>>> print(open('final-v4.pdb').read())   # PDB, C-alpha atoms
ATOM      1  CA  MET A   1      98.780 100.367  85.159  1.00  0.00           C
ATOM      2  CA  LEU A   2      99.035  96.671  85.817  1.00  0.00           C
ATOM      3  CA  GLY A   3      97.182  95.395  88.859  1.00  0.00           C
ATOM      4  CA  ALA A   4      95.185  98.573  89.403  1.00  0.00           C
ATOM      5  CA  GLN A   5      91.890  96.942  88.454  1.00  0.00           C
ATOM      6  CA  ASP A   6      92.223  94.570  91.430  1.00  0.00           C
ATOM      7  CA  LEU A   7      92.421  97.482  93.874  1.00  0.00           C
ATOM      8  CA  PHE A   8      89.334  99.368  92.725  1.00  0.00           C
ATOM      9  CA  ASP A   9      85.679  98.454  93.211  1.00  0.00           C
ATOM     10  CA  GLY A  10      85.109  98.358  89.462  1.00  0.00           C
ATOM     11  CA  PRO A  11      86.666  99.269  86.132  1.00  0.00           C
ATOM     12  CA  LEU A  12      88.097 102.769  85.845  1.00  0.00           C
ATOM     13  CA  ARG A  13      86.736 105.108  83.200  1.00  0.00           C
ATOM     14  CA  LEU A  14      89.395 107.401  81.750  1.00  0.00           C
ATOM     15  CA  ALA A  15      87.023 110.408  81.568  1.00  0.00           C
ATOM     16  CA  SER A  16      86.066 109.969  85.232  1.00  0.00           C
ATOM     17  CA  VAL A  17      89.700 109.650  86.320  1.00  0.00           C
ATOM     18  CA  ARG A  18      90.624 112.793  84.363  1.00  0.00           C
ATOM     19  CA  ARG A  19      87.756 114.770  85.881  1.00  0.00           C
ATOM     20  CA  TYR A  20      88.692 113.610  89.387  1.00  0.00           C
ATOM     21  CA  LEU A  21      92.348 114.540  88.937  1.00  0.00           C
ATOM     22  CA  GLU A  22      91.528 117.934  87.408  1.00  0.00           C
ATOM     23  CA  ASP A  23      89.863 118.986  90.660  1.00  0.00           C
ATOM     24  CA  ARG A  24      92.743 120.486  92.655  1.00  0.00           C
ATOM     25  CA  ARG A  25      91.078 119.508  95.953  1.00  0.00           C
ATOM     26  CA  ASN A  26      91.613 115.828  95.173  1.00  0.00           C
ATOM     27  CA  ILE A  27      94.788 113.885  95.879  1.00  0.00           C
ATOM     28  CA  VAL A  28      95.650 110.453  94.542  1.00  0.00           C
ATOM     29  CA  LEU A  29      98.875 108.716  95.554  1.00  0.00           C
ATOM     30  CA  VAL A  30      99.888 105.494  93.826  1.00  0.00           C
ATOM     31  CA  ALA A  31     102.494 102.951  94.938  1.00  0.00           C
ATOM     32  CA  CYS A  32     104.085 100.970  92.128  1.00  0.00           C
ATOM     33  CA  GLU A  33     106.494  98.106  91.872  1.00  0.00           C
ATOM     34  CA  GLY A  34     107.825  98.392  88.355  1.00  0.00           C
ATOM     35  CA  PRO A  35     104.769  98.738  86.115  1.00  0.00           C
ATOM     36  CA  ARG A  36     102.465  97.098  88.692  1.00  0.00           C
ATOM     37  CA  VAL A  37     100.248  99.189  90.973  1.00  0.00           C
ATOM     38  CA  ILE A  38     100.486  97.716  94.474  1.00  0.00           C
ATOM     39  CA  GLY A  39      98.583 100.368  96.407  1.00  0.00           C
ATOM     40  CA  PHE A  40      96.861 103.713  96.280  1.00  0.00           C
ATOM     41  CA  LEU A  41      95.019 106.244  98.353  1.00  0.00           C
ATOM     42  CA  ARG A  42      92.690 109.061  97.464  1.00  0.00           C
ATOM     43  CA  GLY A  43      90.783 111.822  99.156  1.00  0.00           C
ATOM     44  CA  THR A  44      89.579 115.397  99.040  1.00  0.00           C
ATOM     45  CA  ALA A  45      90.383 118.667 100.800  1.00  0.00           C
ATOM     46  CA  LEU A  46      87.354 120.225 102.490  1.00  0.00           C
ATOM     47  CA  ASP A  47      86.856 123.772 103.745  1.00  0.00           C
ATOM     48  CA  GLN A  48      86.000 124.169 107.433  1.00  0.00           C
ATOM     49  CA  LEU A  49      83.402 126.581 108.750  1.00  0.00           C
ATOM     50  CA  GLU A  50      85.146 127.283 112.051  1.00  0.00           C
ATOM     51  CA  SER A  51      88.731 128.039 111.056  1.00  0.00           C
ATOM     52  CA  GLY A  52      88.453 128.752 107.356  1.00  0.00           C
ATOM     53  CA  ARG A  53      91.343 126.348 106.848  1.00  0.00           C
ATOM     54  CA  ARG A  54      91.135 123.117 104.926  1.00  0.00           C
ATOM     55  CA  GLN A  55      91.053 119.617 106.309  1.00  0.00           C
ATOM     56  CA  PHE A  56      91.697 116.509 104.275  1.00  0.00           C
ATOM     57  CA  PHE A  57      89.245 113.621 104.098  1.00  0.00           C
ATOM     58  CA  LEU A  58      91.031 110.365 103.252  1.00  0.00           C
ATOM     59  CA  TYR A  59      88.350 108.465 101.392  1.00  0.00           C
ATOM     60  CA  GLU A  60      90.116 105.281 100.405  1.00  0.00           C
ATOM     61  CA  LEU A  61      93.380 103.396 100.887  1.00  0.00           C
ATOM     62  CA  ALA A  62      94.016  99.991  99.302  1.00  0.00           C
ATOM     63  CA  VAL A  63      97.006  97.664  99.065  1.00  0.00           C
ATOM     64  CA  ALA A  64      97.321  94.556  96.887  1.00  0.00           C
ATOM     65  CA  ASP A  65      96.671  91.370  98.860  1.00  0.00           C
ATOM     66  CA  ASP A  66     100.164  89.992  98.279  1.00  0.00           C
ATOM     67  CA  ARG A  67     101.832  93.247  99.427  1.00  0.00           C
ATOM     68  CA  ARG A  68      99.981  93.796 102.694  1.00  0.00           C
ATOM     69  CA  ARG A  69     101.988  94.096 105.939  1.00  0.00           C
ATOM     70  CA  GLN A  70     105.073  95.123 103.959  1.00  0.00           C
ATOM     71  CA  GLY A  71     104.933  98.884 104.569  1.00  0.00           C
ATOM     72  CA  VAL A  72     103.069  99.948 101.428  1.00  0.00           C
ATOM     73  CA  GLY A  73     100.068 101.389 103.288  1.00  0.00           C
ATOM     74  CA  ARG A  74     102.334 103.059 105.835  1.00  0.00           C
ATOM     75  CA  ALA A  75     104.457 104.676 103.097  1.00  0.00           C
ATOM     76  CA  LEU A  76     101.326 105.996 101.352  1.00  0.00           C
ATOM     77  CA  MET A  77      99.910 107.306 104.616  1.00  0.00           C
ATOM     78  CA  GLU A  78     103.140 108.983 105.688  1.00  0.00           C
ATOM     79  CA  ARG A  79     103.510 110.637 102.274  1.00  0.00           C
ATOM     80  CA  LEU A  80      99.929 111.911 102.485  1.00  0.00           C
ATOM     81  CA  LEU A  81     100.530 113.401 105.933  1.00  0.00           C
ATOM     82  CA  VAL A  82     103.612 115.286 104.766  1.00  0.00           C
ATOM     83  CA  LEU A  83     101.861 116.499 101.610  1.00  0.00           C
ATOM     84  CA  SER A  84      98.709 117.501 103.459  1.00  0.00           C
ATOM     85  CA  ARG A  85     100.635 119.541 105.976  1.00  0.00           C
ATOM     86  CA  ARG A  86     102.648 121.186 103.202  1.00  0.00           C
ATOM     87  CA  LEU A  87      99.385 122.136 101.471  1.00  0.00           C
ATOM     88  CA  GLY A  88      98.210 123.865 104.655  1.00  0.00           C
ATOM     89  CA  HIS A  89      95.535 121.408 105.717  1.00  0.00           C
ATOM     90  CA  GLU A  90      94.736 121.735 109.396  1.00  0.00           C
ATOM     91  CA  GLU A  91      94.117 118.019 109.790  1.00  0.00           C
ATOM     92  CA  VAL A  92      93.549 114.720 108.018  1.00  0.00           C
ATOM     93  CA  PHE A  93      90.706 112.429 108.979  1.00  0.00           C
ATOM     94  CA  VAL A  94      89.611 108.982 107.872  1.00  0.00           C
ATOM     95  CA  PHE A  95      86.749 106.634 108.758  1.00  0.00           C
ATOM     96  CA  THR A  96      87.086 102.870 108.897  1.00  0.00           C
ATOM     97  CA  ASP A  97      84.146 101.191 107.209  1.00  0.00           C
ATOM     98  CA  ASP A  98      84.326  98.111 109.399  1.00  0.00           C
ATOM     99  CA  PRO A  99      84.956  98.286 113.141  1.00  0.00           C
ATOM    100  CA  LYS A 100      86.638  94.862 112.909  1.00  0.00           C
ATOM    101  CA  ASN A 101      89.124  95.964 110.228  1.00  0.00           C
ATOM    102  CA  ARG A 102      92.174  95.435 112.430  1.00  0.00           C
ATOM    103  CA  ALA A 103      94.659  96.211 109.668  1.00  0.00           C
ATOM    104  CA  ALA A 104      93.174  99.691 109.151  1.00  0.00           C
ATOM    105  CA  HIS A 105      93.073 100.424 112.880  1.00  0.00           C
ATOM    106  CA  ARG A 106      96.688  99.275 113.249  1.00  0.00           C
ATOM    107  CA  LEU A 107      97.829 101.410 110.310  1.00  0.00           C
ATOM    108  CA  TYR A 108      96.064 104.584 111.444  1.00  0.00           C
ATOM    109  CA  ARG A 109      97.222 104.242 115.050  1.00  0.00           C
ATOM    110  CA  SER A 110     100.811 103.451 114.054  1.00  0.00           C
ATOM    111  CA  THR A 111     101.000 106.532 111.811  1.00  0.00           C
ATOM    112  CA  GLY A 112      99.764 108.901 114.518  1.00  0.00           C
ATOM    113  CA  GLY A 113      95.982 108.861 114.074  1.00  0.00           C
ATOM    114  CA  ARG A 114      93.891 109.506 117.166  1.00  0.00           C
ATOM    115  CA  THR A 115      90.346 108.387 117.663  1.00  0.00           C
ATOM    116  CA  GLU A 116      87.680 110.885 118.626  1.00  0.00           C
ATOM    117  CA  THR A 117      84.653 108.645 118.401  1.00  0.00           C
ATOM    118  CA  ARG A 118      83.434 105.568 120.223  1.00  0.00           C
ATOM    119  CA  GLY A 119      84.264 102.323 118.497  1.00  0.00           C
ATOM    120  CA  GLU A 120      87.388 103.758 116.825  1.00  0.00           C
ATOM    121  CA  ARG A 121      85.650 104.399 113.527  1.00  0.00           C
ATOM    122  CA  MET A 122      87.293 107.758 112.818  1.00  0.00           C
ATOM    123  CA  TYR A 123      90.965 108.664 113.077  1.00  0.00           C
ATOM    124  CA  VAL A 124      92.231 112.247 113.056  1.00  0.00           C
ATOM    125  CA  TYR A 125      95.731 113.572 112.464  1.00  0.00           C
ATOM    126  CA  ARG A 126      96.307 117.113 113.773  1.00  0.00           C
ATOM    127  CA  TRP A 127      99.619 118.887 113.482  1.00  0.00           C
ATOM    128  CA  ASN A 128      99.697 120.961 116.705  1.00  0.00           C
ATOM    129  CA  GLY A 129     103.322 121.809 116.024  1.00  0.00           C
ATOM    130  CA  ARG A 130     104.334 118.144 115.744  1.00  0.00           C
ATOM    131  CA  ARG A 131     105.763 116.393 112.750  1.00  0.00           C
ATOM    132  CA  PRO A 132     103.077 114.586 110.686  1.00  0.00           C
ATOM    133  CA  GLY A 133     103.097 110.880 111.334  1.00  0.00           C
ATOM    134  CA  GLY A 134     104.525 111.316 114.835  1.00  0.00           C
ATOM    135  CA  ARG A 135     102.822 109.001 117.304  1.00  0.00           C
ATOM    136  CA  PRO A 136     100.871 110.987 119.926  1.00  0.00           C
ATOM    137  CA  ALA A 137      99.560 109.359 123.092  1.00  0.00           C
ATOM    138  CA  ARG A 138      96.406 107.358 122.504  1.00  0.00           C
ATOM    139  CA  ARG A 139      93.204 108.494 124.195  1.00  0.00           C
TER     140      ARG A 139
END
>>> encode(input="final-v4.pdb", output="structure tokens")
Amino acid sequence: MLGAQDLFDGPLRLASVRRYLEDRRNIVLVACEGPRVIGFLRGTALDQLESGRRQFFLYELAVADDRRRQGVGRALMERLLVLSRRLGHEEVFVFTDDPKNRAAHRLYRSTGGRTETRGERMYVYRWNGRRPGGRPARR
């Protein structure tokens, strides 16, 4: 996968990638342009104590520098929301690691994420009978 090394924090180890992908709770989506990886996201389904249903924790989303603001992150996010709902997850949630990361805040808000915490550090997508990715009113 060309370009993938630029998107990850360090080199990928094949055994680690295999082990991660073998766990059915994990999802990895990859955006490619020809043989080049231009974006990816990954996360894990978690069981909830209250409802017994699963929720999905989006751990990481990255887009190649030269492909940002071209819809790659949005396409990955929208695909995840559809897939997550299809898998029966009650919600998807994601934390931003930097309160000043405007691109992340813009992406999560524009794809229907709602904040539930001060400082907009966590976004939640709940279905509530609506289509995933639909833009609910902002709190």
>>> atom_distance(input="final-v4.pdb", atom1="CA of Val82 in chain A", atom2="CA of Gly39 in chain A")
17.8 Å
>>> resolve_selection(input="final-v4.pdb", expression="the PyMOL selection byres ((chain A and resi 67-80) around 9)", output="list in words")
Ile27, Leu29, Val30, Ala31, Ile38, Gly39, Phe40, Leu41, Leu61, Ala62, Val63, Ala64, Asp65, Asp66, Leu81, Val82, Leu83, Ser84, Arg85, Val92, Ala103, Leu107, Tyr108, Ser110, Thr111, Pro132 and Gly133 of chain A
>>> write_last_selection(input="final-v4.pdb", atoms="C-alpha atoms", output="PDB file, in the frame of the given file")
ATOM      1  CA  ILE A  27      94.788 113.885  95.879  1.00  0.00           C
ATOM      2  CA  LEU A  29      98.875 108.716  95.554  1.00  0.00           C
ATOM      3  CA  VAL A  30      99.888 105.494  93.826  1.00  0.00           C
ATOM      4  CA  ALA A  31     102.494 102.951  94.938  1.00  0.00           C
ATOM      5  CA  ILE A  38     100.486  97.716  94.474  1.00  0.00           C
ATOM      6  CA  GLY A  39      98.583 100.368  96.407  1.00  0.00           C
ATOM      7  CA  PHE A  40      96.861 103.713  96.280  1.00  0.00           C
ATOM      8  CA  LEU A  41      95.019 106.244  98.353  1.00  0.00           C
ATOM      9  CA  LEU A  61      93.380 103.396 100.887  1.00  0.00           C
ATOM     10  CA  ALA A  62      94.016  99.991  99.302  1.00  0.00           C
ATOM     11  CA  VAL A  63      97.006  97.664  99.065  1.00  0.00           C
ATOM     12  CA  ALA A  64      97.321  94.556  96.887  1.00  0.00           C
ATOM     13  CA  ASP A  65      96.671  91.370  98.860  1.00  0.00           C
ATOM     14  CA  ASP A  66     100.164  89.992  98.279  1.00  0.00           C
ATOM     15  CA  LEU A  81     100.530 113.401 105.933  1.00  0.00           C
ATOM     16  CA  VAL A  82     103.612 115.286 104.766  1.00  0.00           C
ATOM     17  CA  LEU A  83     101.861 116.499 101.610  1.00  0.00           C
ATOM     18  CA  SER A  84      98.709 117.501 103.459  1.00  0.00           C
ATOM     19  CA  ARG A  85     100.635 119.541 105.976  1.00  0.00           C
ATOM     20  CA  VAL A  92      93.549 114.720 108.018  1.00  0.00           C
ATOM     21  CA  ALA A 103      94.659  96.211 109.668  1.00  0.00           C
ATOM     22  CA  LEU A 107      97.829 101.410 110.310  1.00  0.00           C
ATOM     23  CA  TYR A 108      96.064 104.584 111.444  1.00  0.00           C
ATOM     24  CA  SER A 110     100.811 103.451 114.054  1.00  0.00           C
ATOM     25  CA  THR A 111     101.000 106.532 111.811  1.00  0.00           C
ATOM     26  CA  PRO A 132     103.077 114.586 110.686  1.00  0.00           C
ATOM     27  CA  GLY A 133     103.097 110.880 111.334  1.00  0.00           C
TER      28      GLY A 133
END
>>> closest_residue(input="final-v4.pdb", among="A:Glu120, A:Glu33, A:Asp9, A:Asp47", to="Thr96 in chain A", atoms="all atoms listed in the file")
A:Glu120
>>> resolve_selection(input="final-v4.pdb", expression="the PyMOL selection byres ((chain A and resi 46) around 9)", output="MDAnalysis selection string")
chainID A and resid 25 44:45 47:48 53:57 89
>>> closest_residue(input="final-v4.pdb", among="A:Thr115, A:Arg121, A:Phe8, A:Glu60", to="Val37 in chain A", atoms="all atoms listed in the file")
A:Phe8
>>> atom_distance(input="final-v4.pdb", atom1="CA of Arg102 in chain A", atom2="CA of Cys32 in chain A")
24.2 Å
>>> resolve_selection(input="final-v4.pdb", expression="the PyMOL selection byres ((chain A and resi 94) around 7)", output="short mmCIF file (atom, residue, chain, number, x, y, z; two decimals) with C-alpha atoms, in the coordinates of the input")
data_model
loop_
_atom_site.label_atom_id
_atom_site.label_comp_id
_atom_site.auth_asym_id
_atom_site.auth_seq_id
_atom_site.Cartn_x
_atom_site.Cartn_y
_atom_site.Cartn_z
CA PHE A 57 89.24 113.62 104.10
CA LEU A 58 91.03 110.36 103.25
CA TYR A 59 88.35 108.46 101.39
CA VAL A 92 93.55 114.72 108.02
CA PHE A 93 90.71 112.43 108.98
CA PHE A 95 86.75 106.63 108.76
CA THR A 96 87.09 102.87 108.90
CA MET A 122 87.29 107.76 112.82
CA TYR A 123 90.96 108.66 113.08
CA VAL A 124 92.23 112.25 113.06
#
>>> atom_distance(input="final-v4.pdb", atom1="CA of Gly112 in chain A", atom2="CA of Arg126 in chain A")
8.9 Å
>>> closest_residue(input="final-v4.pdb", among="A:Tyr125, A:Pro35, A:Arg118, A:Gly113", to="Glu91 in chain A", atoms="all atoms listed in the file")
A:Tyr125
>>> axis_aligned_box(input="final-v4.pdb", around="range 73-91 of chain A", padding_each_side="3 Å", output="lines of an AutoDock Vina configuration file")
center_x = 99.3
center_y = 112.6
center_z = 105.6
size_x = 16.3
size_y = 28.5
size_z = 14.4
>>> closest_residue(input="final-v4.pdb", among="A:Arg18, A:Asn101, A:Gly88, A:Glu116", to="Gly52 in chain A", atoms="all atoms listed in the file")
A:Gly88
